[in-house]
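One file, entry-v9.csv, carrying CSV, C-alpha atoms:
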```
chain,number,residue,atom,x,y,z
A,1,MET,CA,-68.1,84.0,139.4
A,2,ALA,CA,-68.3,85.3,136.0
A,3,ALA,CA,-66.9,88.6,134.9
A,4,ALA,CA,-65.2,89.7,138.1
A,5,ALA,CA,-63.0,86.6,138.3
A,6,LEU,CA,-62.6,86.3,134.6
A,7,ARG,CA,-60.9,89.5,134.2
A,8,PRO,CA,-57.9,88.9,136.4
A,9,ALA,CA,-57.7,85.3,135.0
A,10,ILE,CA,-57.4,86.7,131.5
A,11,LEU,CA,-54.9,89.4,132.5
A,12,ARG,CA,-52.7,86.8,134.1
A,13,ARG,CA,-52.5,85.0,130.9
A,14,ILE,CA,-51.8,87.8,128.5
A,15,ARG,CA,-48.3,88.4,127.6
A,16,LEU,CA,-47.5,91.8,126.1
A,17,SER,CA,-44.2,92.2,124.2
A,18,PRO,CA,-42.9,95.7,124.9
A,19,ALA,CA,-43.2,97.7,121.7
A,20,PRO,CA,-39.9,99.5,121.1
A,21,SER,CA,-40.2,103.2,121.4
A,22,LEU,CA,-39.9,104.9,118.1
A,23,PRO,CA,-36.4,106.3,118.2
A,24,LEU,CA,-35.0,103.0,119.2
A,25,ALA,CA,-36.8,101.2,116.5
A,26,ALA,CA,-35.4,103.6,113.9
A,27,ALA,CA,-31.9,103.1,115.2
A,28,ALA,CA,-32.4,99.3,115.3
A,29,SER,CA,-33.5,99.2,111.7
A,30,GLN,CA,-30.4,101.2,110.6
A,31,PRO,CA,-27.6,99.9,112.8
A,32,HIS,CA,-25.1,100.7,110.1
A,33,ALA,CA,-26.2,104.3,109.8
A,34,LEU,CA,-25.7,104.8,113.5
A,35,ALA,CA,-22.3,103.1,113.4
A,36,ARG,CA,-21.2,105.2,110.5
A,37,TRP,CA,-22.3,108.4,112.2
A,38,LEU,CA,-20.5,107.5,115.4
A,39,ALA,CA,-17.3,106.7,113.4
A,40,ARG,CA,-17.5,109.9,111.4
A,41,PRO,CA,-14.2,111.7,111.2
A,42,MET,CA,-14.4,114.6,113.5
A,43,SER,CA,-12.1,116.9,111.7
A,44,SER,CA,-10.6,119.9,113.1
A,45,HIS,CA,-8.7,122.4,111.0
A,46,ASP,CA,-5.5,120.3,111.5
A,47,ALA,CA,-6.9,117.0,110.4
A,48,HIS,CA,-4.3,116.8,107.6
A,49,LEU,CA,-0.9,115.4,108.4
A,50,SER,CA,2.0,117.8,108.4
A,51,ARG,CA,4.4,117.4,105.5
A,52,GLU,CA,7.3,116.7,107.9
A,53,GLU,CA,5.3,113.8,109.5
A,54,VAL,CA,4.5,112.4,106.0
A,55,VAL,CA,8.2,112.5,105.0
A,56,ASP,CA,9.4,110.9,108.2
A,57,ARG,CA,6.9,108.1,108.0
A,58,VAL,CA,7.5,107.4,104.3
A,59,LEU,CA,11.2,107.3,105.0
A,60,ASP,CA,10.6,104.8,107.7
A,61,VAL,CA,8.5,102.6,105.5
A,62,LEU,CA,11.3,102.4,103.0
A,63,LYS,CA,14.0,101.8,105.5
A,64,SER,CA,12.0,98.9,106.9
A,65,HIS,CA,11.8,97.1,103.5
A,66,PRO,CA,14.1,94.0,103.6
A,67,LYS,CA,15.8,94.8,100.3
A,68,VAL,CA,16.5,98.5,101.1
A,69,ASP,CA,19.8,99.8,102.4
A,70,PRO,CA,18.6,102.3,105.0
A,71,SER,CA,21.6,104.6,104.5
A,72,LYS,CA,20.5,105.2,100.9
A,73,VAL,CA,17.0,106.4,101.8
A,74,THR,CA,16.5,110.1,101.3
A,75,PRO,CA,13.4,112.1,100.4
A,76,GLU,CA,14.7,112.4,96.9
A,77,ALA,CA,15.5,108.8,96.3
A,78,HIS,CA,14.2,106.9,93.3
A,79,PHE,CA,13.2,103.3,94.1
A,80,GLU,CA,14.9,101.6,91.2
A,81,LYS,CA,17.7,104.0,90.3
A,82,ASP,CA,18.8,104.9,93.8
A,83,LEU,CA,17.6,102.0,96.0
A,84,GLY,CA,18.1,99.2,93.5
A,85,LEU,CA,14.6,97.9,93.8
A,86,ASP,CA,12.8,96.1,91.0
A,87,SER,CA,9.2,96.7,89.9
A,88,LEU,CA,7.9,93.9,92.2
A,89,ASP,CA,9.7,95.5,95.1
A,90,THR,CA,8.1,98.8,94.2
A,91,VAL,CA,4.6,97.2,94.3
A,92,GLU,CA,5.5,96.0,97.8
A,93,VAL,CA,6.7,99.4,98.9
A,94,VAL,CA,3.6,101.2,97.7
A,95,MET,CA,1.4,98.7,99.5
A,96,ALA,CA,3.4,99.2,102.7
A,97,ILE,CA,2.8,102.9,102.3
A,98,GLU,CA,-0.9,102.2,101.9
A,99,GLU,CA,-0.9,100.3,105.2
A,100,GLU,CA,1.1,103.0,107.0
A,101,PHE,CA,-1.3,105.7,106.1
A,102,LYS,CA,-4.5,103.6,105.9
A,103,LEU,CA,-5.1,104.3,102.3
A,104,GLU,CA,-6.0,102.3,99.3
A,105,ILE,CA,-4.2,103.5,96.2
A,106,PRO,CA,-5.8,102.6,92.8
A,107,ASP,CA,-3.6,100.7,90.4
A,108,ARG,CA,-3.4,103.4,87.8
A,109,GLU,CA,-2.0,105.8,90.4
A,110,ALA,CA,0.2,103.2,92.1
A,111,ASP,CA,1.8,102.4,88.8
A,112,ASN,CA,3.2,106.0,88.7
A,113,ILE,CA,4.7,106.0,92.2
A,114,ASP,CA,8.3,105.1,91.6
A,115,SER,CA,10.2,107.4,93.9
A,116,LEU,CA,10.1,108.9,97.3
A,117,PRO,CA,9.2,112.4,96.1
A,118,LEU,CA,6.2,111.0,94.3
A,119,ALA,CA,5.2,108.8,97.2
A,120,ILE,CA,5.5,111.8,99.7
A,121,GLU,CA,3.5,114.0,97.3
A,122,TYR,CA,0.7,111.5,96.9
A,123,VAL,CA,0.3,110.9,100.7
A,124,ALA,CA,0.6,114.6,101.5
A,125,ASN,CA,-2.1,115.5,99.0
A,126,HIS,CA,-4.5,112.7,100.1
A,127,PRO,CA,-7.3,114.0,102.2
A,128,MET,CA,-7.8,110.6,103.9
A,129,ALA,CA,-4.1,109.9,104.9
A,130,GLY,CA,-4.0,109.0,108.6
B,131,MET,CA,12.3,94.1,85.3
B,132,ALA,CA,12.4,97.0,83.0
B,133,SER,CA,12.6,100.6,84.2
B,134,ARG,CA,9.3,102.3,85.0
B,135,GLN,CA,9.1,104.6,82.0
B,136,LYS,CA,8.9,101.7,79.6
B,137,LEU,CA,6.4,99.6,81.4
B,138,SER,CA,4.7,97.6,78.7
B,139,GLY,CA,1.0,96.5,78.8
B,140,ILE,CA,2.1,93.0,79.8
B,141,GLN,CA,4.4,94.2,82.5
B,142,LYS,CA,1.6,96.2,84.0
B,143,GLN,CA,-0.6,93.1,84.0
B,144,VAL,CA,2.1,91.1,85.8
B,145,LEU,CA,2.4,93.9,88.4
B,146,ALA,CA,-1.4,94.1,88.8
B,147,LEU,CA,-1.5,90.4,89.4
B,148,TYR,CA,1.2,90.6,92.0
B,149,ARG,CA,-0.6,93.4,93.7
B,150,GLY,CA,-3.8,91.4,93.6
B,151,PHE,CA,-2.1,88.5,95.4
B,152,LEU,CA,-0.7,90.8,98.1
B,153,ARG,CA,-4.1,92.5,98.6
B,154,THR,CA,-5.7,89.1,99.0
B,155,ALA,CA,-3.0,87.9,101.3
B,156,ARG,CA,-3.8,90.8,103.6
B,157,LEU,CA,-7.2,89.3,104.3
B,158,LYS,CA,-5.9,86.1,105.6
B,159,ALA,CA,-4.5,85.3,109.1
B,160,PRO,CA,-1.1,86.9,109.8
B,161,GLU,CA,0.9,83.6,109.6
B,162,GLU,CA,-0.8,82.6,106.4
B,163,ARG,CA,-0.4,86.1,105.0
B,164,ARG,CA,3.4,85.9,105.5
B,165,ARG,CA,3.5,82.4,103.9
B,166,ILE,CA,1.4,83.5,100.9
B,167,GLU,CA,3.6,86.6,100.4
B,168,SER,CA,6.7,84.5,100.6
B,169,VAL,CA,5.5,81.9,98.0
B,170,VAL,CA,4.1,84.4,95.6
B,171,SER,CA,7.2,86.6,95.8
B,172,ALA,CA,9.5,83.6,95.1
B,173,GLU,CA,7.3,82.4,92.2
B,174,PHE,CA,7.1,85.8,90.5
B,175,ARG,CA,10.9,86.4,90.9
B,176,ASP,CA,11.7,83.0,89.7
B,177,SER,CA,9.7,83.5,86.5
B,178,ALA,CA,11.1,87.0,86.1
B,179,ARG,CA,14.6,85.4,86.1
B,180,ASN,CA,13.9,82.4,84.0
B,181,VAL,CA,11.3,83.4,81.4
B,182,ASP,CA,12.3,85.4,78.3
B,183,ARG,CA,10.5,88.6,78.5
B,184,LYS,CA,9.7,88.3,74.8
B,185,ASN,CA,8.0,84.9,75.3
B,186,PHE,CA,4.6,86.5,75.3
B,187,VAL,CA,2.7,83.2,74.8
B,188,TYR,CA,4.2,81.7,77.9
B,189,ILE,CA,3.9,84.9,79.9
B,190,GLU,CA,0.2,85.1,79.0
B,191,TYR,CA,-0.2,81.5,80.0
B,192,LEU,CA,1.4,82.3,83.4
B,193,LEU,CA,-0.9,85.3,83.8
B,194,ARG,CA,-4.0,83.2,83.1
B,195,ARG,CA,-2.9,80.5,85.5
B,196,GLY,CA,-2.0,83.1,88.2
B,197,ARG,CA,-5.4,84.8,87.9
B,198,ARG,CA,-7.2,81.5,88.3
B,199,GLN,CA,-5.1,80.8,91.4
B,200,LEU,CA,-5.8,84.3,92.7
B,201,GLU,CA,-9.6,83.7,92.3
B,202,GLN,CA,-9.3,80.5,94.3
B,203,LEU,CA,-7.3,82.3,97.0
B,204,LYS,CA,-10.0,84.9,97.3
B,205,ASN,CA,-12.4,82.3,98.5
B,206,PRO,CA,-12.7,82.9,102.3
B,207,ASP,CA,-12.8,79.2,102.9
B,208,ILE,CA,-9.3,78.9,101.6
B,209,THR,CA,-6.8,79.5,104.3
B,210,GLY,CA,-3.6,79.4,102.4
B,211,LEU,CA,-1.6,77.9,99.6
B,212,ALA,CA,1.4,75.7,99.2
B,213,THR,CA,3.7,74.7,96.4
B,214,LEU,CA,5.3,71.4,95.8
B,215,GLU,CA,9.0,71.1,95.2
B,216,VAL,CA,9.9,69.3,92.0
B,217,ASN,CA,13.4,67.8,91.6
B,218,LYS,CA,14.6,69.6,88.5
```
Structure rendered as structure tokens:
Amino acid sequence: MAAAALRPAILRRIRLSPAPSLPLAAAASQPHALARWLARPMSSHDAHLSREEVVDRVLDVLKSHPKVDPSKVTPEAHFEKDLGLDSLDTVEVVMAIEEEFKLEIPDREADNIDSLPLAIEYVANHPMAG
Amino acid sequence: MASRQKLSGIQKQVLALYRGFLRTARLKAPEERRRIESVVSAEFRDSARNVDRKNFVYIEYLLRRGRRQLEQLKNPDITGLATLEVNK
């Protein structure tokens, strides 16, 4: 008996956990970095929206607001003076624009957007508008 | 509500609170979001109609109360809010 039988007996009882290979371990320890890299915007030169598309989509957002008369919506319209909205409605409109273009507009800038020209300008100049 | 050019500090606070409610509502389930938006919209407009815009003391009270309610609403365990109708 002794050594010769002992060796296989021992080997049968040893469990080895597979060590992750190094690159996998690195990725596993930084799953968010990997996810971020995969989700990076792959921009081409035309990543920016065309002005025409911005105008069309902003007009649509306004026309869809329950308090707005769609026939009064033009690219020059002022929310309160031309469309008869109050300041609470304007807050709603600006938030709807945020959702349309996947943006988050800081309060101090949102407070200044009170007309279609300003809304269109803001979106058209925003690098992240989508 | 006053025209945009003359937005006072207190008006900006009211609008900021309104926006805060709408932002928080976005994070809830769609049905609940709609309900929150409906309730908040009605409450704000009701107060806008009924409260004298010079009644700063009362407006500031409403702002404080609204901010407390908003903080509660932000709690992810809260799924919505409701109001009780009082026979006036």
Hey, which bits of chain A sit within 9 Å of chain B, and for each residue what's the closest pair of atoms and how far apart in Å (one decimal), counting all atoms listed in the file, rows by chain and increasing number, as JSON lines?
```
{"residue": "A:Glu80", "atom": "CA", "partner": "B:Ser133", "partner_atom": "CA", "distance": 7.4}
{"residue": "A:Lys81", "atom": "CA", "partner": "B:Ser133", "partner_atom": "CA", "distance": 8.6}
{"residue": "A:Asp86", "atom": "CA", "partner": "B:Met131", "partner_atom": "CA", "distance": 6.1}
{"residue": "A:Ser87", "atom": "CA", "partner": "B:Met131", "partner_atom": "CA", "distance": 6.1}
{"residue": "A:Leu88", "atom": "CA", "partner": "B:Leu145", "partner_atom": "CA", "distance": 6.7}
{"residue": "A:Val91", "atom": "CA", "partner": "B:Arg149", "partner_atom": "CA", "distance": 6.5}
{"residue": "A:Glu92", "atom": "CA", "partner": "B:Arg149", "partner_atom": "CA", "distance": 7.8}
{"residue": "A:Met95", "atom": "CA", "partner": "B:Arg149", "partner_atom": "CA", "distance": 8.1}
{"residue": "A:Asp107", "atom": "CA", "partner": "B:Ala146", "partner_atom": "CA", "distance": 7.1}
{"residue": "A:Asp111", "atom": "CA", "partner": "B:Lys142", "partner_atom": "CA", "distance": 7.8}
{"residue": "A:Asn112", "atom": "CA", "partner": "B:Arg134", "partner_atom": "CA", "distance": 8.0}
{"residue": "A:Asp114", "atom": "CA", "partner": "B:Arg134", "partner_atom": "CA", "distance": 7.2}
```
For C-alpha atoms, I'd like the residues from the last selection saved as a short mmCIF file (atom, residue, chain, number, x, y, z; two decimals), in the coordinates of the input.
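Written out: part.cif:
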```
data_model
loop_
_atom_site.label_atom_id
_atom_site.label_comp_id
_atom_site.auth_asym_id
_atom_site.auth_seq_id
_atom_site.Cartn_x
_atom_site.Cartn_y
_atom_site.Cartn_z
CA GLU A 80 14.90 101.60 91.20
CA LYS A 81 17.70 104.00 90.30
CA ASP A 86 12.80 96.10 91.00
CA SER A 87 9.20 96.70 89.90
CA LEU A 88 7.90 93.90 92.20
CA VAL A 91 4.60 97.20 94.30
CA GLU A 92 5.50 96.00 97.80
CA MET A 95 1.40 98.70 99.50
CA ASP A 107 -3.60 100.70 90.40
CA ASP A 111 1.80 102.40 88.80
CA ASN A 112 3.20 106.00 88.70
CA ASP A 114 8.30 105.10 91.60
#
```
Requested in this report: Excluding region 64-74 of chain A and residues on its chain fewer than 2 positions from it, collect all residues at most 9 Å away from it, counting all atoms listed in the file, and give them as number ranges by chain.
Outcome: A: 59-62, 76-78, 82-85, 89, 92-93, 96, 116
Those residues with C-alpha atoms, as an mmCIF file, keeping the file's coordinate frame please?
```cif
data_model
loop_
_atom_site.group_PDB
_atom_site.id
_atom_site.type_symbol
_atom_site.label_atom_id
_atom_site.label_comp_id
_atom_site.auth_asym_id
_atom_site.auth_seq_id
_atom_site.Cartn_x
_atom_site.Cartn_y
_atom_site.Cartn_z
ATOM 1 C CA LEU A 59 11.200 107.300 105.000
ATOM 2 C CA ASP A 60 10.600 104.800 107.700
ATOM 3 C CA VAL A 61 8.500 102.600 105.500
ATOM 4 C CA LEU A 62 11.300 102.400 103.000
ATOM 5 C CA GLU A 76 14.700 112.400 96.900
ATOM 6 C CA ALA A 77 15.500 108.800 96.300
ATOM 7 C CA HIS A 78 14.200 106.900 93.300
ATOM 8 C CA ASP A 82 18.800 104.900 93.800
ATOM 9 C CA LEU A 83 17.600 102.000 96.000
ATOM 10 C CA GLY A 84 18.100 99.200 93.500
ATOM 11 C CA LEU A 85 14.600 97.900 93.800
ATOM 12 C CA ASP A 89 9.700 95.500 95.100
ATOM 13 C CA GLU A 92 5.500 96.000 97.800
ATOM 14 C CA VAL A 93 6.700 99.400 98.900
ATOM 15 C CA ALA A 96 3.400 99.200 102.700
ATOM 16 C CA LEU A 116 10.100 108.900 97.300
#
```
Report task. Name all residues at most 12 Å from region 155-163 of chain B (count all atoms listed in the file; drop same-chain ones fewer than 3 positions away) and give them as a VMD selection string. Result -> (chain A and resid 95 to 96 98 to 99) or (chain B and resid 148 to 152 166 to 171 200 to 212)
Query raised in the report: What does the distance between CA of Glu104 (chain A) and CA of Met128 (chain A) come to in Å, to one decimal place?
Result: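 Straight-line distance from CA of Glu104 (chain A) to CA of Met128 (chain A) works out to 9.7 Å.
Between CA of Asn185 (chain B) and CA of Ala172 (chain B) there is a distance of 19.9 Å.
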Query - Contacts of Glu121 (chain A) at 12 Å (all atoms listed in the file; same-chain gap of 2+ positions) as JSON, numbers by chain - result: {"A": [50, 51, 52, 54, 55, 58, 75, 76, 112, 113, 114, 115, 116, 117, 118, 119, 123, 124, 125, 126, 127, 129]}
Query raised in the report: What gap, in Å, lies between CA of Phe79 (chain A) and CA of Arg57 (chain A)?
Result: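 About the pair CA of Phe79 (chain A) and CA of Arg57 (chain A): they are 16.0 Å apart.
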Show me, as AutoDock Vina command-line options, the centre and edge lengths in Å to one decimal of the axis-aligned box that covers every listed atom of region 185-199 of chain B with 3 Å on each side.
```
--center_x 0.4 --center_y 83.5 --center_z 83.1 --size_x 21.2 --size_y 12.0 --size_z 22.6
```
Incomplete region 92-128 of chain A brought to N, CA and C atoms, written out as an mmCIF file, in the coordinates of the input:
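Contents of rebuild_16.cif, as written:
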```cif
data_model
loop_
_atom_site.group_PDB
_atom_site.id
_atom_site.type_symbol
_atom_site.label_atom_id
_atom_site.label_comp_id
_atom_site.auth_asym_id
_atom_site.auth_seq_id
_atom_site.Cartn_x
_atom_site.Cartn_y
_atom_site.Cartn_z
ATOM 1 N N GLU A 92 5.481 96.227 96.395
ATOM 2 C CA GLU A 92 5.500 96.000 97.800
ATOM 3 C C GLU A 92 5.593 97.264 98.640
ATOM 4 N N VAL A 93 6.483 98.134 98.188
ATOM 5 C CA VAL A 93 6.700 99.400 98.900
ATOM 6 C C VAL A 93 5.439 100.243 98.900
ATOM 7 N N VAL A 94 4.802 100.352 97.740
ATOM 8 C CA VAL A 94 3.600 101.200 97.700
ATOM 9 C C VAL A 94 2.498 100.584 98.550
ATOM 10 N N MET A 95 2.422 99.271 98.618
ATOM 11 C CA MET A 95 1.400 98.700 99.500
ATOM 12 C C MET A 95 1.748 98.887 100.959
ATOM 13 N N ALA A 96 3.035 98.906 101.283
ATOM 14 C CA ALA A 96 3.400 99.200 102.700
ATOM 15 C C ALA A 96 3.042 100.633 103.022
ATOM 16 N N ILE A 97 3.165 101.524 102.044
ATOM 17 C CA ILE A 97 2.800 102.900 102.300
ATOM 18 C C ILE A 97 1.260 102.996 102.478
ATOM 19 N N GLU A 98 0.516 102.219 101.715
ATOM 20 C CA GLU A 98 -0.900 102.200 101.900
ATOM 21 C C GLU A 98 -1.254 101.808 103.355
ATOM 22 N N GLU A 99 -0.582 100.773 103.854
ATOM 23 C CA GLU A 99 -0.900 100.300 105.200
ATOM 24 C C GLU A 99 -0.462 101.328 106.255
ATOM 25 N N GLU A 100 0.657 101.985 106.034
ATOM 26 C CA GLU A 100 1.100 103.000 107.000
ATOM 27 C C GLU A 100 0.146 104.118 107.149
ATOM 28 N N PHE A 101 -0.425 104.545 106.019
ATOM 29 C CA PHE A 101 -1.300 105.700 106.100
ATOM 30 C C PHE A 101 -2.778 105.373 105.922
ATOM 31 N N LYS A 102 -3.081 104.079 106.005
ATOM 32 C CA LYS A 102 -4.500 103.600 105.900
ATOM 33 C C LYS A 102 -5.162 104.102 104.659
ATOM 34 N N LEU A 103 -4.490 103.912 103.550
ATOM 35 C CA LEU A 103 -5.100 104.300 102.300
ATOM 36 C C LEU A 103 -5.210 103.095 101.379
ATOM 37 N N GLU A 104 -6.040 103.243 100.346
ATOM 38 C CA GLU A 104 -6.000 102.300 99.300
ATOM 39 C C GLU A 104 -5.726 103.046 97.997
ATOM 40 N N ILE A 105 -4.621 102.730 97.359
ATOM 41 C CA ILE A 105 -4.200 103.500 96.200
ATOM 42 C C ILE A 105 -4.593 102.720 94.931
ATOM 43 N N PRO A 106 -5.405 103.334 94.050
ATOM 44 C CA PRO A 106 -5.800 102.600 92.800
ATOM 45 C C PRO A 106 -4.633 102.280 91.954
ATOM 46 N N ASP A 107 -4.746 101.180 91.237
ATOM 47 C CA ASP A 107 -3.600 100.700 90.400
ATOM 48 C C ASP A 107 -3.033 101.747 89.495
ATOM 49 N N ARG A 108 -3.910 102.504 88.808
ATOM 50 C CA ARG A 108 -3.400 103.400 87.800
ATOM 51 C C ARG A 108 -2.511 104.513 88.487
ATOM 52 N N GLU A 109 -2.808 104.835 89.744
ATOM 53 C CA GLU A 109 -2.000 105.800 90.400
ATOM 54 C C GLU A 109 -0.752 105.143 91.049
ATOM 55 N N ALA A 110 -0.940 103.924 91.552
ATOM 56 C CA ALA A 110 0.200 103.200 92.100
ATOM 57 C C ALA A 110 1.266 102.952 91.078
ATOM 58 N N ASP A 111 0.836 102.702 89.843
ATOM 59 C CA ASP A 111 1.800 102.400 88.800
ATOM 60 C C ASP A 111 2.739 103.625 88.544
ATOM 61 N N ASN A 112 2.326 104.807 88.926
ATOM 62 C CA ASN A 112 3.200 106.000 88.700
ATOM 63 C C ASN A 112 4.090 106.332 89.852
ATOM 64 N N ILE A 113 3.865 105.701 90.997
ATOM 65 C CA ILE A 113 4.700 106.000 92.200
ATOM 66 C C ILE A 113 5.960 105.199 92.119
ATOM 67 N N ASP A 114 7.048 105.828 91.673
ATOM 68 C CA ASP A 114 8.300 105.100 91.600
ATOM 69 C C ASP A 114 9.456 105.738 92.288
ATOM 70 N N SER A 115 9.142 106.696 93.139
ATOM 71 C CA SER A 115 10.200 107.400 93.900
ATOM 72 C C SER A 115 9.660 107.945 95.165
ATOM 73 N N LEU A 116 10.566 108.314 96.063
ATOM 74 C CA LEU A 116 10.100 108.900 97.300
ATOM 75 C C LEU A 116 9.405 110.242 97.140
ATOM 76 N N PRO A 117 9.931 111.142 96.292
ATOM 77 C CA PRO A 117 9.200 112.400 96.100
ATOM 78 C C PRO A 117 7.750 112.172 95.694
ATOM 79 N N LEU A 118 7.533 111.237 94.764
ATOM 80 C CA LEU A 118 6.200 111.000 94.300
ATOM 81 C C LEU A 118 5.319 110.361 95.394
ATOM 82 N N ALA A 119 5.907 109.459 96.157
ATOM 83 C CA ALA A 119 5.200 108.800 97.200
ATOM 84 C C ALA A 119 4.753 109.869 98.282
ATOM 85 N N ILE A 120 5.720 110.725 98.651
ATOM 86 C CA ILE A 120 5.500 111.800 99.700
ATOM 87 C C ILE A 120 4.373 112.707 99.154
ATOM 88 N N GLU A 121 4.500 113.109 97.891
ATOM 89 C CA GLU A 121 3.500 114.000 97.300
ATOM 90 C C GLU A 121 2.127 113.409 97.344
ATOM 91 N N TYR A 122 2.039 112.138 96.955
ATOM 92 C CA TYR A 122 0.700 111.500 96.900
ATOM 93 C C TYR A 122 0.095 111.463 98.299
ATOM 94 N N VAL A 123 0.859 111.048 99.297
ATOM 95 C CA VAL A 123 0.300 110.900 100.700
ATOM 96 C C VAL A 123 -0.051 112.322 101.194
ATOM 97 N N ALA A 124 0.854 113.285 100.967
ATOM 98 C CA ALA A 124 0.600 114.600 101.500
ATOM 99 C C ALA A 124 -0.632 115.262 100.935
ATOM 100 N N ASN A 125 -0.948 114.907 99.682
ATOM 101 C CA ASN A 125 -2.100 115.500 99.000
ATOM 102 C C ASN A 125 -3.390 114.719 99.270
ATOM 103 N N HIS A 126 -3.286 113.583 99.929
ATOM 104 C CA HIS A 126 -4.500 112.700 100.100
ATOM 105 C C HIS A 126 -5.256 113.142 101.292
ATOM 106 N N PRO A 127 -6.542 113.471 101.103
ATOM 107 C CA PRO A 127 -7.300 114.000 102.200
ATOM 108 C C PRO A 127 -7.552 112.899 103.319
ATOM 109 N N MET A 128 -7.435 111.613 102.957
ATOM 110 C CA MET A 128 -7.800 110.600 103.900
ATOM 111 C C MET A 128 -6.550 109.977 104.615
#
```
